[in-house]
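Listing of entry.cif; format and content: mmCIF, C-alpha atoms.
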data_input
#
loop_
_atom_site.group_PDB
_atom_site.id
_atom_site.type_symbol
_atom_site.label_atom_id
_atom_site.label_comp_id
_atom_site.auth_asym_id
_atom_site.auth_seq_id
_atom_site.Cartn_x
_atom_site.Cartn_y
_atom_site.Cartn_z
ATOM 1 C CA MET A 149 -76.643 38.716 -19.770
ATOM 2 C CA SER A 150 -74.884 41.893 -20.749
ATOM 3 C CA GLY A 151 -75.371 41.330 -24.472
ATOM 4 C CA GLU A 152 -72.553 42.411 -26.768
ATOM 5 C CA LEU A 153 -69.724 42.186 -24.199
ATOM 6 C CA GLU A 154 -70.828 38.722 -23.110
ATOM 7 C CA LEU A 155 -70.929 37.549 -26.718
ATOM 8 C CA ILE A 156 -67.409 38.935 -27.309
ATOM 9 C CA ALA A 157 -66.193 37.077 -24.201
ATOM 10 C CA CYS A 158 -67.446 33.828 -25.768
ATOM 11 C CA GLN A 159 -65.253 34.192 -28.861
ATOM 12 C CA PRO A 160 -61.999 32.194 -28.684
ATOM 13 C CA HIS A 161 -58.733 34.043 -29.321
ATOM 14 C CA PRO A 162 -55.660 31.908 -30.062
ATOM 15 C CA ILE A 163 -52.751 31.937 -27.627
ATOM 16 C CA GLU A 164 -49.804 33.875 -29.032
ATOM 17 C CA SER A 165 -46.432 32.161 -28.992
ATOM 18 C CA ASN A 166 -44.564 35.381 -28.158
ATOM 19 C CA GLY A 167 -45.808 35.098 -24.570
ATOM 20 C CA PHE A 168 -43.665 32.018 -23.908
ATOM 21 C CA ASN A 169 -40.115 32.009 -22.601
ATOM 22 C CA PRO A 170 -38.057 30.896 -25.625
ATOM 23 C CA ASN A 171 -35.279 29.723 -23.273
ATOM 24 C CA ALA A 172 -37.522 27.409 -21.269
ATOM 25 C CA THR A 173 -36.208 23.882 -20.928
ATOM 26 C CA LEU A 174 -38.993 21.308 -20.920
ATOM 27 C CA PRO A 175 -38.452 17.609 -20.157
ATOM 28 C CA TYR A 176 -38.823 14.593 -22.426
ATOM 29 C CA ASP A 177 -38.613 16.566 -25.684
ATOM 30 C CA CYS A 178 -41.783 18.457 -24.872
ATOM 31 C CA THR A 179 -41.659 21.821 -26.636
ATOM 32 C CA ILE A 180 -43.313 25.190 -26.310
ATOM 33 C CA GLU A 181 -45.143 24.326 -29.533
ATOM 34 C CA HIS A 182 -46.672 21.248 -27.879
ATOM 35 C CA ILE A 183 -47.886 23.349 -24.946
ATOM 36 C CA LEU A 184 -49.163 26.066 -27.284
ATOM 37 C CA LEU A 185 -51.158 23.561 -29.345
ATOM 38 C CA ALA A 186 -52.747 22.050 -26.220
ATOM 39 C CA MET A 187 -53.552 25.512 -24.853
ATOM 40 C CA ASN A 188 -55.193 26.504 -28.122
ATOM 41 C CA ASN A 189 -57.258 23.297 -27.981
ATOM 42 C CA PHE A 190 -58.519 24.423 -24.590
ATOM 43 C CA VAL A 191 -59.329 27.940 -25.822
ATOM 44 C CA GLU A 192 -61.285 26.481 -28.756
ATOM 45 C CA PHE A 193 -63.097 24.061 -26.409
ATOM 46 C CA LEU A 194 -63.999 26.859 -24.013
ATOM 47 C CA GLY A 195 -65.183 29.055 -26.878
ATOM 48 C CA PHE A 196 -67.399 26.270 -28.196
ATOM 49 C CA ILE A 197 -68.922 25.553 -24.779
ATOM 50 C CA ASN A 198 -69.435 29.250 -24.000
ATOM 51 C CA GLN A 199 -71.076 29.942 -27.348
ATOM 52 C CA GLN A 200 -73.514 27.110 -26.679
ATOM 53 C CA LEU A 201 -74.207 28.419 -23.174
ATOM 54 C CA TYR A 202 -74.688 31.948 -24.546
ATOM 55 C CA SER A 203 -77.211 30.668 -27.086
ATOM 56 C CA GLN A 204 -79.230 29.329 -24.131
ATOM 57 C CA GLU A 205 -78.815 32.593 -22.166
ATOM 58 C CA MET A 206 -76.624 30.878 -19.585
ATOM 59 C CA GLU A 207 -73.445 32.100 -17.902
ATOM 60 C CA ARG A 208 -70.018 31.288 -19.355
ATOM 61 C CA LEU A 209 -68.419 28.169 -17.910
ATOM 62 C CA GLU A 210 -65.619 30.084 -16.171
ATOM 63 C CA VAL A 211 -68.227 32.274 -14.440
ATOM 64 C CA MET A 212 -70.464 29.356 -13.513
ATOM 65 C CA LEU A 213 -67.772 27.190 -11.879
ATOM 66 C CA MET A 214 -65.934 27.875 -8.652
ATOM 67 C CA PRO A 215 -62.334 28.967 -9.401
ATOM 68 C CA ALA A 216 -60.805 25.752 -8.014
ATOM 69 C CA ASN A 217 -63.124 23.619 -10.158
ATOM 70 C CA PHE A 218 -62.325 25.613 -13.271
ATOM 71 C CA SER A 219 -58.599 25.396 -12.524
ATOM 72 C CA SER A 220 -58.874 21.634 -12.097
ATOM 73 C CA MET A 221 -60.710 21.335 -15.402
ATOM 74 C CA VAL A 222 -57.999 23.349 -17.186
ATOM 75 C CA GLY A 223 -55.301 21.139 -15.665
ATOM 76 C CA GLU A 224 -57.041 17.892 -16.599
ATOM 77 C CA PHE A 225 -57.644 19.166 -20.129
ATOM 78 C CA MET A 226 -53.956 20.003 -20.541
ATOM 79 C CA ILE A 227 -52.849 16.657 -19.084
ATOM 80 C CA SER A 228 -55.077 14.901 -21.623
ATOM 81 C CA ASN A 229 -54.004 17.043 -24.572
ATOM 82 C CA ILE A 230 -50.248 17.565 -24.242
ATOM 83 C CA PRO A 231 -49.559 13.869 -25.056
ATOM 84 C CA LYS A 232 -51.454 14.317 -28.344
ATOM 85 C CA TYR A 233 -48.612 16.562 -29.470
ATOM 86 C CA CYS A 234 -45.678 15.222 -27.436
ATOM 87 C CA SER A 235 -45.470 11.473 -27.986
ATOM 88 C CA ASN A 236 -42.783 11.149 -25.294
ATOM 89 C CA LEU A 237 -45.333 11.924 -22.550
ATOM 90 C CA VAL A 238 -48.445 10.065 -21.411
ATOM 91 C CA LYS A 239 -51.079 10.723 -18.781
ATOM 92 C CA ASN A 240 -50.324 8.915 -15.526
ATOM 93 C CA GLN A 241 -53.124 6.370 -15.115
ATOM 94 C CA TYR A 242 -52.493 5.926 -11.383
ATOM 95 C CA HIS A 243 -55.652 7.272 -9.719
ATOM 96 C CA ASN A 244 -55.325 10.777 -8.284
ATOM 97 C CA GLU A 245 -51.534 10.681 -8.288
ATOM 98 C CA HIS A 246 -48.745 13.003 -9.228
ATOM 99 C CA PHE A 247 -46.825 13.157 -11.502
ATOM 100 C CA ASP A 248 -49.634 13.986 -13.927
ATOM 101 C CA LEU A 249 -47.559 13.312 -17.034
ATOM 102 C CA ILE A 250 -44.943 10.594 -17.176
ATOM 103 C CA PRO A 251 -42.435 9.439 -19.816
ATOM 104 C CA ALA A 252 -44.024 7.161 -22.406
ATOM 105 C CA GLY A 253 -42.992 3.528 -22.066
ATOM 106 C CA MET A 254 -41.176 3.945 -18.751
ATOM 107 C CA PHE A 255 -43.793 2.504 -16.361
ATOM 108 C CA PRO A 256 -46.017 -0.562 -16.708
ATOM 109 C CA ASN A 257 -49.593 0.323 -17.698
ATOM 110 C CA THR A 258 -48.564 4.016 -17.876
ATOM 111 C CA SER A 259 -49.116 4.132 -14.133
ATOM 112 C CA VAL A 260 -46.823 5.159 -11.287
ATOM 113 C CA SER A 261 -47.286 6.363 -7.734
ATOM 114 C CA ILE A 262 -44.927 8.896 -6.227
ATOM 115 C CA CYS A 263 -44.685 6.454 -3.311
ATOM 116 C CA SER A 264 -42.896 4.087 -5.720
ATOM 117 C CA PHE A 265 -39.812 6.311 -5.672
#
Serialized structure, structure tokens:
Amino acid sequence: MSGELELIACQPHPIESNGFNPNATLPYDCTIEHILLAMNNFVEFLGFINQQLYSQEMERLEVMLMPANFSSMVGEFMISNIPKYCSNLVKNQYHNEHFDLIPAGMFPNTSVSICSF
């Protein structure tokens, strides 16, 4: 571990809203605020995990995982958290299928396969 710099890297820093495109059009009444809140949840989660790993002299999670695995984890976290803030979206329960988020109440059992279209 490289001490002080590693400890600093484990401290969460909130996402700033000025980095978003204010003219973005998001579907199903999802807003930039919803995305921002979910992103900040992830940053707090990552900070918590990394602080615990640091206390055990282990590498940060984003260093430990292969990039594709970390990217997948970020995506799954966002898919699970955006609906907490945007009640018009739910996680698609169809196994390993896209679309990841679907309109709430539109499909039976909140599940749809792209092959259904």
Resolved residues for the PyMOL selection byres ((chain A and resi 252-264) around 10) as a PyMOL selection string: chain A and resi 176+231+234-251+265
Output for the residues just chosen: C-alpha atoms as a CSV table (one decimal), in the coordinates of the input:
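New file out-v9.csv:
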chain,number,residue,atom,x,y,z
A,176,TYR,CA,-38.8,14.6,-22.4
A,231,PRO,CA,-49.6,13.9,-25.1
A,234,CYS,CA,-45.7,15.2,-27.4
A,235,SER,CA,-45.5,11.5,-28.0
A,236,ASN,CA,-42.8,11.1,-25.3
A,237,LEU,CA,-45.3,11.9,-22.6
A,238,VAL,CA,-48.4,10.1,-21.4
A,239,LYS,CA,-51.1,10.7,-18.8
A,240,ASN,CA,-50.3,8.9,-15.5
A,241,GLN,CA,-53.1,6.4,-15.1
A,242,TYR,CA,-52.5,5.9,-11.4
A,243,HIS,CA,-55.7,7.3,-9.7
A,244,ASN,CA,-55.3,10.8,-8.3
A,245,GLU,CA,-51.5,10.7,-8.3
A,246,HIS,CA,-48.7,13.0,-9.2
A,247,PHE,CA,-46.8,13.2,-11.5
A,248,ASP,CA,-49.6,14.0,-13.9
A,249,LEU,CA,-47.6,13.3,-17.0
A,250,ILE,CA,-44.9,10.6,-17.2
A,251,PRO,CA,-42.4,9.4,-19.8
A,265,PHE,CA,-39.8,6.3,-5.7
For the file shown, what are the residues hit by the PyMOL selection byres ((chain A and resi 185-193) around 6), laid out as a compact mmCIF listing (two decimals) with C-alpha atoms, in the frame of the given file?
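In the end it all went to expr_6.txt:
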# COMPACT_ATOMS: atom_id res chain seq x y z
CA PRO A 160 -62.00 32.19 -28.68
CA PRO A 162 -55.66 31.91 -30.06
CA ILE A 163 -52.75 31.94 -27.63
CA HIS A 182 -46.67 21.25 -27.88
CA ILE A 183 -47.89 23.35 -24.95
CA LEU A 184 -49.16 26.07 -27.28
CA LEU A 194 -64.00 26.86 -24.01
CA GLY A 195 -65.18 29.06 -26.88
CA PHE A 196 -67.40 26.27 -28.20
CA ASN A 229 -54.00 17.04 -24.57
CA ILE A 230 -50.25 17.57 -24.24
Distance in Å - atom CA of Ser165 of chain A versus atom CA of Cys178 of chain A: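 Interatomic distance here is 15.0 Å.
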Point (-68.7, 34.2, -22.6), cut-off 6 Å, counting all atoms listed in the file, residues as a PyMOL selection string: chain A and resi 154-155+157-158+198+208
Would you compute an axis-aligned box for segment 178-186 of chain A, covering every atom listed for it in the file with 3 Å of margin on each side, and report centre and edge lengths in Å to one decimal as JSON?
{"center_x": -47.2, "center_y": 22.3, "center_z": -27.2, "size_x": 17.1, "size_y": 13.6, "size_z": 10.7}
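Between atom CA of Leu153 of chain A and atom CA of Glu205 of chain A the interatomic distance comes to 13.4 Å.
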For atom CA of Gly151 of chain A and atom CA of Ser203 of chain A, the interatomic separation in Å (one decimal):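 Calculated distance between atom CA of Gly151 of chain A and atom CA of Ser203 of chain A is 11.1 Å.
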